Amino acid sequence: MGLVITFWILAALVVVAALSVVLLRNVFRAALALILCFLAVAGVFITLSADFLAVVQILIYVGGISVLIILAIMLTREVQQGSPTNRLRIPALIVAIIFLGVVVYALVNTPWPVSATPPLEPTTAALAGKLLGQGGYILPVEIAPILLLAAIIGAIVLVREK
């Protein structure tokens with residue numbers, strides 16, 4: 001019962017943090033709300049017994065993407081002004097409402113079978129074996145930090161003084 005309550009608290013935190021990302025005018029605070037959203041999603045993964053996905057969420061999104069976004073914000077001038085208002089606010093709202101309608105329609109009309117028995121063995125070891133084991137996908141895991149480093153260096157080169 002405690003896990004269900006924790007799940008719903010984290011789910012509400014994800015929604016509030018995601019709304020904060022969209023609605024905050026200060027870009028730096030929106031990036032901090034994005035980090036909170038990523039951490040809460042990792043917490044949701046933990047409550048669903050998806051430990052490996054939680055670790056990947058923290059390592060890649062919180063550790064990599066968020067740091068990259070904050071570095072880009074810190075290297076940008078006039079962060080405090082936020083984004084200017086534009087003419088596409090109403091069309092964006094209409095598209096978002098249509099998208100929400102499609103997602104709700106798909107959720108309601110999809111059969112969601114739930115197994116009554118838990119998995120026989122934990123999935124974390126199997127996923128880690130596929131990722132890090134013989135013939136695994138460790139090379140993409142190693143290439144991702146190099147790409148992030150290249151993006152950071154590119155951001156620094158773009159914003160430096162002439």
# chains A, B, ... in the order shown; residues from 1 in each chain; ligands from 1

$ select_by_dssp --residues "region 34-91 of chain A" --states "helix (DSSP H, G or I)" --output "PDB file with N, CA and C atoms, in the first residue's frame"
ATOM      1  N   LEU A  34      13.029  20.779 -14.772  1.00  0.00           N
ATOM      2  CA  LEU A  34      13.215  19.623 -15.645  1.00  0.00           C
ATOM      3  C   LEU A  34      14.033  18.541 -14.947  1.00  0.00           C
ATOM      4  N   ILE A  35      15.053  18.949 -14.201  1.00  0.00           N
ATOM      5  CA  ILE A  35      15.840  17.984 -13.433  1.00  0.00           C
ATOM      6  C   ILE A  35      14.966  17.306 -12.388  1.00  0.00           C
ATOM      7  N   LEU A  36      14.126  18.076 -11.708  1.00  0.00           N
ATOM      8  CA  LEU A  36      13.205  17.505 -10.727  1.00  0.00           C
ATOM      9  C   LEU A  36      12.251  16.518 -11.399  1.00  0.00           C
ATOM     10  N   CYS A  37      11.788  16.854 -12.591  1.00  0.00           N
ATOM     11  CA  CYS A  37      10.900  15.948 -13.330  1.00  0.00           C
ATOM     12  C   CYS A  37      11.614  14.644 -13.668  1.00  0.00           C
ATOM     13  N   PHE A  38      12.866  14.741 -14.136  1.00  0.00           N
ATOM     14  CA  PHE A  38      13.641  13.533 -14.453  1.00  0.00           C
ATOM     15  C   PHE A  38      13.856  12.665 -13.214  1.00  0.00           C
ATOM     16  N   LEU A  39      14.158  13.296 -12.083  1.00  0.00           N
ATOM     17  CA  LEU A  39      14.366  12.532 -10.846  1.00  0.00           C
ATOM     18  C   LEU A  39      13.072  11.857 -10.392  1.00  0.00           C
ATOM     19  N   ALA A  40      11.955  12.560 -10.521  1.00  0.00           N
ATOM     20  CA  ALA A  40      10.675  11.972 -10.131  1.00  0.00           C
ATOM     21  C   ALA A  40      10.305  10.801 -11.048  1.00  0.00           C
ATOM     22  N   VAL A  41      10.635  10.905 -12.340  1.00  0.00           N
ATOM     23  CA  VAL A  41      10.390   9.790 -13.253  1.00  0.00           C
ATOM     24  C   VAL A  41      11.241   8.587 -12.844  1.00  0.00           C
ATOM     25  N   ALA A  42      12.485   8.831 -12.439  1.00  0.00           N
ATOM     26  CA  ALA A  42      13.324   7.738 -11.940  1.00  0.00           C
ATOM     27  C   ALA A  42      12.701   7.113 -10.698  1.00  0.00           C
ATOM     28  N   GLY A  43      12.117   7.933  -9.827  1.00  0.00           N
ATOM     29  CA  GLY A  43      11.419   7.404  -8.659  1.00  0.00           C
ATOM     30  C   GLY A  43      10.216   6.557  -9.047  1.00  0.00           C
ATOM     31  N   VAL A  44       9.493   6.974 -10.080  1.00  0.00           N
ATOM     32  CA  VAL A  44       8.365   6.175 -10.570  1.00  0.00           C
ATOM     33  C   VAL A  44       8.863   4.824 -11.080  1.00  0.00           C
ATOM     34  N   PHE A  45      10.004   4.837 -11.792  1.00  0.00           N
ATOM     35  CA  PHE A  45      10.575   3.574 -12.263  1.00  0.00           C
ATOM     36  C   PHE A  45      10.930   2.665 -11.086  1.00  0.00           C
ATOM     37  N   ILE A  46      11.434   3.232 -10.010  1.00  0.00           N
ATOM     38  CA  ILE A  46      11.798   2.431  -8.839  1.00  0.00           C
ATOM     39  C   ILE A  46      10.544   1.815  -8.220  1.00  0.00           C
ATOM     40  N   THR A  47       9.461   2.582  -8.139  1.00  0.00           N
ATOM     41  CA  THR A  47       8.238   2.027  -7.564  1.00  0.00           C
ATOM     42  C   THR A  47       7.643   0.933  -8.447  1.00  0.00           C
ATOM     43  N   ASP A  51      14.441  -1.104 -11.753  1.00  0.00           N
ATOM     44  CA  ASP A  51      15.638  -0.471 -11.202  1.00  0.00           C
ATOM     45  C   ASP A  51      16.626  -0.059 -12.285  1.00  0.00           C
ATOM     46  N   PHE A  52      16.789  -0.897 -13.286  1.00  0.00           N
ATOM     47  CA  PHE A  52      17.736  -0.593 -14.354  1.00  0.00           C
ATOM     48  C   PHE A  52      17.324   0.666 -15.104  1.00  0.00           C
ATOM     49  N   LEU A  53      16.035   0.801 -15.411  1.00  0.00           N
ATOM     50  CA  LEU A  53      15.554   1.999 -16.088  1.00  0.00           C
ATOM     51  C   LEU A  53      15.722   3.237 -15.219  1.00  0.00           C
ATOM     52  N   ALA A  54      15.562   3.082 -13.913  1.00  0.00           N
ATOM     53  CA  ALA A  54      15.762   4.211 -13.009  1.00  0.00           C
ATOM     54  C   ALA A  54      17.216   4.670 -13.042  1.00  0.00           C
ATOM     55  N   VAL A  55      18.138   3.722 -13.028  1.00  0.00           N
ATOM     56  CA  VAL A  55      19.559   4.075 -13.082  1.00  0.00           C
ATOM     57  C   VAL A  55      19.895   4.728 -14.413  1.00  0.00           C
ATOM     58  N   VAL A  56      19.372   4.192 -15.496  1.00  0.00           N
ATOM     59  CA  VAL A  56      19.610   4.793 -16.809  1.00  0.00           C
ATOM     60  C   VAL A  56      19.017   6.192 -16.872  1.00  0.00           C
ATOM     61  N   GLN A  57      17.845   6.388 -16.316  1.00  0.00           N
ATOM     62  CA  GLN A  57      17.204   7.702 -16.276  1.00  0.00           C
ATOM     63  C   GLN A  57      18.088   8.704 -15.541  1.00  0.00           C
ATOM     64  N   ILE A  58      18.618   8.305 -14.408  1.00  0.00           N
ATOM     65  CA  ILE A  58      19.459   9.215 -13.633  1.00  0.00           C
ATOM     66  C   ILE A  58      20.778   9.484 -14.349  1.00  0.00           C
ATOM     67  N   LEU A  59      21.406   8.440 -14.871  1.00  0.00           N
ATOM     68  CA  LEU A  59      22.707   8.626 -15.523  1.00  0.00           C
ATOM     69  C   LEU A  59      22.603   9.460 -16.796  1.00  0.00           C
ATOM     70  N   ILE A  60      21.657   9.136 -17.647  1.00  0.00           N
ATOM     71  CA  ILE A  60      21.596   9.805 -18.947  1.00  0.00           C
ATOM     72  C   ILE A  60      20.885  11.150 -18.858  1.00  0.00           C
ATOM     73  N   TYR A  61      19.688  11.171 -18.305  1.00  0.00           N
ATOM     74  CA  TYR A  61      18.921  12.408 -18.327  1.00  0.00           C
ATOM     75  C   TYR A  61      19.379  13.391 -17.251  1.00  0.00           C
ATOM     76  N   VAL A  62      19.426  12.949 -16.014  1.00  0.00           N
ATOM     77  CA  VAL A  62      19.828  13.869 -14.937  1.00  0.00           C
ATOM     78  C   VAL A  62      21.308  14.183 -15.041  1.00  0.00           C
ATOM     79  N   GLY A  63      22.120  13.151 -15.289  1.00  0.00           N
ATOM     80  CA  GLY A  63      23.558  13.369 -15.310  1.00  0.00           C
ATOM     81  C   GLY A  63      24.082  13.985 -16.577  1.00  0.00           C
ATOM     82  N   GLY A  64      23.475  13.694 -17.703  1.00  0.00           N
ATOM     83  CA  GLY A  64      24.023  14.167 -18.965  1.00  0.00           C
ATOM     84  C   GLY A  64      23.233  15.292 -19.594  1.00  0.00           C
ATOM     85  N   ILE A  65      21.995  15.016 -19.928  1.00  0.00           N
ATOM     86  CA  ILE A  65      21.184  15.978 -20.655  1.00  0.00           C
ATOM     87  C   ILE A  65      20.948  17.239 -19.823  1.00  0.00           C
ATOM     88  N   SER A  66      20.632  17.076 -18.545  1.00  0.00           N
ATOM     89  CA  SER A  66      20.364  18.240 -17.701  1.00  0.00           C
ATOM     90  C   SER A  66      21.603  19.109 -17.536  1.00  0.00           C
ATOM     91  N   VAL A  67      22.746  18.478 -17.358  1.00  0.00           N
ATOM     92  CA  VAL A  67      23.985  19.254 -17.228  1.00  0.00           C
ATOM     93  C   VAL A  67      24.259  20.001 -18.526  1.00  0.00           C
ATOM     94  N   LEU A  68      24.011  19.368 -19.645  1.00  0.00           N
ATOM     95  CA  LEU A  68      24.209  20.019 -20.941  1.00  0.00           C
ATOM     96  C   LEU A  68      23.273  21.216 -21.092  1.00  0.00           C
ATOM     97  N   ILE A  69      22.018  21.061 -20.711  1.00  0.00           N
ATOM     98  CA  ILE A  69      21.057  22.158 -20.820  1.00  0.00           C
ATOM     99  C   ILE A  69      21.452  23.308 -19.903  1.00  0.00           C
ATOM    100  N   ILE A  70      21.817  23.003 -18.672  1.00  0.00           N
ATOM    101  CA  ILE A  70      22.197  24.064 -17.740  1.00  0.00           C
ATOM    102  C   ILE A  70      23.467  24.762 -18.214  1.00  0.00           C
ATOM    103  N   LEU A  71      24.430  24.023 -18.754  1.00  0.00           N
ATOM    104  CA  LEU A  71      25.638  24.646 -19.281  1.00  0.00           C
ATOM    105  C   LEU A  71      25.294  25.569 -20.446  1.00  0.00           C
ATOM    106  N   ALA A  72      24.410  25.135 -21.318  1.00  0.00           N
ATOM    107  CA  ALA A  72      24.006  25.988 -22.437  1.00  0.00           C
ATOM    108  C   ALA A  72      23.302  27.243 -21.942  1.00  0.00           C
ATOM    109  N   ILE A  73      22.493  27.114 -20.905  1.00  0.00           N
ATOM    110  CA  ILE A  73      21.805  28.278 -20.347  1.00  0.00           C
ATOM    111  C   ILE A  73      22.809  29.227 -19.709  1.00  0.00           C
ATOM    112  N   MET A  74      23.773  28.666 -18.987  1.00  0.00           N
ATOM    113  CA  MET A  74      24.755  29.516 -18.312  1.00  0.00           C
ATOM    114  C   MET A  74      25.635  30.265 -19.318  1.00  0.00           C
ATOM    115  N   VAL A  79      19.596  35.512 -19.862  1.00  0.00           N
ATOM    116  CA  VAL A  79      18.761  34.381 -19.477  1.00  0.00           C
ATOM    117  C   VAL A  79      17.520  34.846 -18.724  1.00  0.00           C
ATOM    118  N   GLN A  80      17.632  35.929 -17.978  1.00  0.00           N
ATOM    119  CA  GLN A  80      16.542  36.353 -17.108  1.00  0.00           C
ATOM    120  C   GLN A  80      15.316  36.833 -17.873  1.00  0.00           C
ATOM    121  N   GLN A  81      15.485  37.230 -19.140  1.00  0.00           N
ATOM    122  CA  GLN A  81      14.342  37.760 -19.881  1.00  0.00           C
ATOM    123  C   GLN A  81      13.350  36.678 -20.270  1.00  0.00           C
ATOM    124  N   ARG A  89       0.908  31.117 -29.993  1.00  0.00           N
ATOM    125  CA  ARG A  89       0.440  30.568 -28.725  1.00  0.00           C
ATOM    126  C   ARG A  89      -0.915  29.871 -28.884  1.00  0.00           C
ATOM    127  N   ILE A  90      -1.855  30.483 -29.579  1.00  0.00           N
ATOM    128  CA  ILE A  90      -3.184  29.892 -29.759  1.00  0.00           C
ATOM    129  C   ILE A  90      -3.123  28.651 -30.655  1.00  0.00           C
ATOM    130  N   PRO A  91      -2.443  28.689 -31.811  1.00  0.00           N
ATOM    131  CA  PRO A  91      -2.340  27.446 -32.594  1.00  0.00           C
ATOM    132  C   PRO A  91      -1.635  26.323 -31.832  1.00  0.00           C
TER     133      PRO A  91
END

$ decode --residues "region 19-140 of chain A" --atoms "C-alpha atoms" --output "PDB file, in the first residue's frame"
ATOM      1  CA  LEU A  19       4.032  22.046 -15.941  1.00  0.00           C
ATOM      2  CA  SER A  20       6.666  24.174 -14.239  1.00  0.00           C
ATOM      3  CA  VAL A  21       9.064  23.522 -17.113  1.00  0.00           C
ATOM      4  CA  VAL A  22       6.496  24.811 -19.571  1.00  0.00           C
ATOM      5  CA  LEU A  23       5.057  27.697 -17.556  1.00  0.00           C
ATOM      6  CA  LEU A  24       8.095  29.243 -15.838  1.00  0.00           C
ATOM      7  CA  ARG A  25       9.431  32.360 -17.571  1.00  0.00           C
ATOM      8  CA  ASN A  26      12.926  32.014 -16.088  1.00  0.00           C
ATOM      9  CA  VAL A  27      14.811  29.542 -18.257  1.00  0.00           C
ATOM     10  CA  PHE A  28      17.241  28.485 -15.520  1.00  0.00           C
ATOM     11  CA  ARG A  29      14.425  27.685 -13.089  1.00  0.00           C
ATOM     12  CA  ALA A  30      12.648  25.776 -15.865  1.00  0.00           C
ATOM     13  CA  ALA A  31      15.822  23.699 -16.325  1.00  0.00           C
ATOM     14  CA  LEU A  32      15.896  22.976 -12.585  1.00  0.00           C
ATOM     15  CA  ALA A  33      12.242  21.921 -12.765  1.00  0.00           C
ATOM     16  CA  LEU A  34      13.215  19.623 -15.645  1.00  0.00           C
ATOM     17  CA  ILE A  35      15.840  17.984 -13.433  1.00  0.00           C
ATOM     18  CA  LEU A  36      13.205  17.505 -10.727  1.00  0.00           C
ATOM     19  CA  CYS A  37      10.900  15.948 -13.330  1.00  0.00           C
ATOM     20  CA  PHE A  38      13.641  13.533 -14.453  1.00  0.00           C
ATOM     21  CA  LEU A  39      14.366  12.532 -10.846  1.00  0.00           C
ATOM     22  CA  ALA A  40      10.675  11.972 -10.131  1.00  0.00           C
ATOM     23  CA  VAL A  41      10.390   9.790 -13.253  1.00  0.00           C
ATOM     24  CA  ALA A  42      13.324   7.738 -11.940  1.00  0.00           C
ATOM     25  CA  GLY A  43      11.419   7.404  -8.659  1.00  0.00           C
ATOM     26  CA  VAL A  44       8.365   6.175 -10.570  1.00  0.00           C
ATOM     27  CA  PHE A  45      10.575   3.574 -12.263  1.00  0.00           C
ATOM     28  CA  ILE A  46      11.798   2.431  -8.839  1.00  0.00           C
ATOM     29  CA  THR A  47       8.238   2.027  -7.564  1.00  0.00           C
ATOM     30  CA  LEU A  48       7.484  -0.097 -10.642  1.00  0.00           C
ATOM     31  CA  SER A  49      10.497  -2.354  -9.872  1.00  0.00           C
ATOM     32  CA  ALA A  50      12.344  -1.158 -12.970  1.00  0.00           C
ATOM     33  CA  ASP A  51      15.638  -0.471 -11.202  1.00  0.00           C
ATOM     34  CA  PHE A  52      17.736  -0.593 -14.354  1.00  0.00           C
ATOM     35  CA  LEU A  53      15.554   1.999 -16.088  1.00  0.00           C
ATOM     36  CA  ALA A  54      15.762   4.211 -13.009  1.00  0.00           C
ATOM     37  CA  VAL A  55      19.559   4.075 -13.082  1.00  0.00           C
ATOM     38  CA  VAL A  56      19.610   4.793 -16.809  1.00  0.00           C
ATOM     39  CA  GLN A  57      17.204   7.702 -16.276  1.00  0.00           C
ATOM     40  CA  ILE A  58      19.459   9.215 -13.633  1.00  0.00           C
ATOM     41  CA  LEU A  59      22.707   8.626 -15.523  1.00  0.00           C
ATOM     42  CA  ILE A  60      21.596   9.805 -18.947  1.00  0.00           C
ATOM     43  CA  TYR A  61      18.921  12.408 -18.327  1.00  0.00           C
ATOM     44  CA  VAL A  62      19.828  13.869 -14.937  1.00  0.00           C
ATOM     45  CA  GLY A  63      23.558  13.369 -15.310  1.00  0.00           C
ATOM     46  CA  GLY A  64      24.023  14.167 -18.965  1.00  0.00           C
ATOM     47  CA  ILE A  65      21.184  15.978 -20.655  1.00  0.00           C
ATOM     48  CA  SER A  66      20.364  18.240 -17.701  1.00  0.00           C
ATOM     49  CA  VAL A  67      23.985  19.254 -17.228  1.00  0.00           C
ATOM     50  CA  LEU A  68      24.209  20.019 -20.941  1.00  0.00           C
ATOM     51  CA  ILE A  69      21.057  22.158 -20.820  1.00  0.00           C
ATOM     52  CA  ILE A  70      22.197  24.064 -17.740  1.00  0.00           C
ATOM     53  CA  LEU A  71      25.638  24.646 -19.281  1.00  0.00           C
ATOM     54  CA  ALA A  72      24.006  25.988 -22.437  1.00  0.00           C
ATOM     55  CA  ILE A  73      21.805  28.278 -20.347  1.00  0.00           C
ATOM     56  CA  MET A  74      24.755  29.516 -18.312  1.00  0.00           C
ATOM     57  CA  LEU A  75      26.639  30.343 -21.503  1.00  0.00           C
ATOM     58  CA  THR A  76      23.692  32.251 -22.954  1.00  0.00           C
ATOM     59  CA  ARG A  77      23.332  35.943 -22.419  1.00  0.00           C
ATOM     60  CA  GLU A  78      20.144  37.538 -21.078  1.00  0.00           C
ATOM     61  CA  VAL A  79      18.761  34.381 -19.477  1.00  0.00           C
ATOM     62  CA  GLN A  80      16.542  36.353 -17.108  1.00  0.00           C
ATOM     63  CA  GLN A  81      14.342  37.760 -19.881  1.00  0.00           C
ATOM     64  CA  GLY A  82      12.888  34.407 -20.856  1.00  0.00           C
ATOM     65  CA  SER A  83      11.298  33.711 -24.195  1.00  0.00           C
ATOM     66  CA  PRO A  84       9.356  36.509 -25.860  1.00  0.00           C
ATOM     67  CA  THR A  85       5.657  36.076 -26.495  1.00  0.00           C
ATOM     68  CA  ASN A  86       4.756  35.108 -30.014  1.00  0.00           C
ATOM     69  CA  ARG A  87       1.763  34.782 -32.303  1.00  0.00           C
ATOM     70  CA  LEU A  88       1.732  30.971 -32.275  1.00  0.00           C
ATOM     71  CA  ARG A  89       0.440  30.568 -28.725  1.00  0.00           C
ATOM     72  CA  ILE A  90      -3.184  29.892 -29.759  1.00  0.00           C
ATOM     73  CA  PRO A  91      -2.340  27.446 -32.594  1.00  0.00           C
ATOM     74  CA  ALA A  92       0.052  25.639 -30.236  1.00  0.00           C
ATOM     75  CA  LEU A  93      -2.731  25.359 -27.660  1.00  0.00           C
ATOM     76  CA  ILE A  94      -5.094  23.927 -30.296  1.00  0.00           C
ATOM     77  CA  VAL A  95      -2.491  21.372 -31.429  1.00  0.00           C
ATOM     78  CA  ALA A  96      -1.784  20.419 -27.791  1.00  0.00           C
ATOM     79  CA  ILE A  97      -5.503  19.889 -27.092  1.00  0.00           C
ATOM     80  CA  ILE A  98      -5.878  17.739 -30.221  1.00  0.00           C
ATOM     81  CA  PHE A  99      -2.821  15.709 -29.202  1.00  0.00           C
ATOM     82  CA  LEU A 100      -4.216  15.275 -25.686  1.00  0.00           C
ATOM     83  CA  GLY A 101      -7.503  14.072 -27.181  1.00  0.00           C
ATOM     84  CA  VAL A 102      -5.701  11.503 -29.345  1.00  0.00           C
ATOM     85  CA  VAL A 103      -3.660  10.236 -26.382  1.00  0.00           C
ATOM     86  CA  VAL A 104      -6.728   9.979 -24.127  1.00  0.00           C
ATOM     87  CA  TYR A 105      -8.635   8.177 -26.909  1.00  0.00           C
ATOM     88  CA  ALA A 106      -5.761   5.699 -27.330  1.00  0.00           C
ATOM     89  CA  LEU A 107      -5.519   5.135 -23.570  1.00  0.00           C
ATOM     90  CA  VAL A 108      -9.226   4.524 -23.153  1.00  0.00           C
ATOM     91  CA  ASN A 109      -9.623   2.221 -26.167  1.00  0.00           C
ATOM     92  CA  THR A 110      -6.512   0.082 -25.615  1.00  0.00           C
ATOM     93  CA  PRO A 111      -6.839  -3.177 -23.690  1.00  0.00           C
ATOM     94  CA  TRP A 112      -4.253  -3.177 -20.911  1.00  0.00           C
ATOM     95  CA  PRO A 113      -3.759  -6.796 -19.819  1.00  0.00           C
ATOM     96  CA  VAL A 114      -2.127  -7.138 -16.424  1.00  0.00           C
ATOM     97  CA  SER A 115      -0.450 -10.351 -15.395  1.00  0.00           C
ATOM     98  CA  ALA A 116      -1.532 -11.713 -12.038  1.00  0.00           C
ATOM     99  CA  THR A 117       1.854 -13.328 -11.413  1.00  0.00           C
ATOM    100  CA  PRO A 118       5.096 -11.385 -11.005  1.00  0.00           C
ATOM    101  CA  PRO A 119       8.075 -12.135 -13.270  1.00  0.00           C
ATOM    102  CA  LEU A 120       9.964 -15.300 -12.381  1.00  0.00           C
ATOM    103  CA  GLU A 121      13.337 -13.575 -12.378  1.00  0.00           C
ATOM    104  CA  PRO A 122      14.344  -9.927 -12.016  1.00  0.00           C
ATOM    105  CA  THR A 123      14.684  -8.027 -15.264  1.00  0.00           C
ATOM    106  CA  THR A 124      17.595  -5.885 -14.084  1.00  0.00           C
ATOM    107  CA  ALA A 125      20.191  -8.635 -14.444  1.00  0.00           C
ATOM    108  CA  ALA A 126      18.913  -9.624 -17.885  1.00  0.00           C
ATOM    109  CA  LEU A 127      19.009  -6.032 -19.160  1.00  0.00           C
ATOM    110  CA  ALA A 128      22.438  -5.418 -17.673  1.00  0.00           C
ATOM    111  CA  GLY A 129      23.672  -8.637 -19.281  1.00  0.00           C
ATOM    112  CA  LYS A 130      22.406  -7.512 -22.677  1.00  0.00           C
ATOM    113  CA  LEU A 131      23.987  -4.084 -22.243  1.00  0.00           C
ATOM    114  CA  LEU A 132      27.307  -4.973 -20.667  1.00  0.00           C
ATOM    115  CA  GLY A 133      27.708  -8.701 -21.396  1.00  0.00           C
ATOM    116  CA  GLN A 134      29.395 -10.521 -24.244  1.00  0.00           C
ATOM    117  CA  GLY A 135      28.335  -8.903 -27.535  1.00  0.00           C
ATOM    118  CA  GLY A 136      26.460  -6.221 -25.604  1.00  0.00           C
ATOM    119  CA  TYR A 137      25.812  -2.627 -26.430  1.00  0.00           C
ATOM    120  CA  ILE A 138      28.563  -1.036 -24.368  1.00  0.00           C
ATOM    121  CA  LEU A 139      29.940   0.853 -27.377  1.00  0.00           C
ATOM    122  CA  PRO A 140      26.859   3.123 -27.721  1.00  0.00           C
TER     123      PRO A 140
END
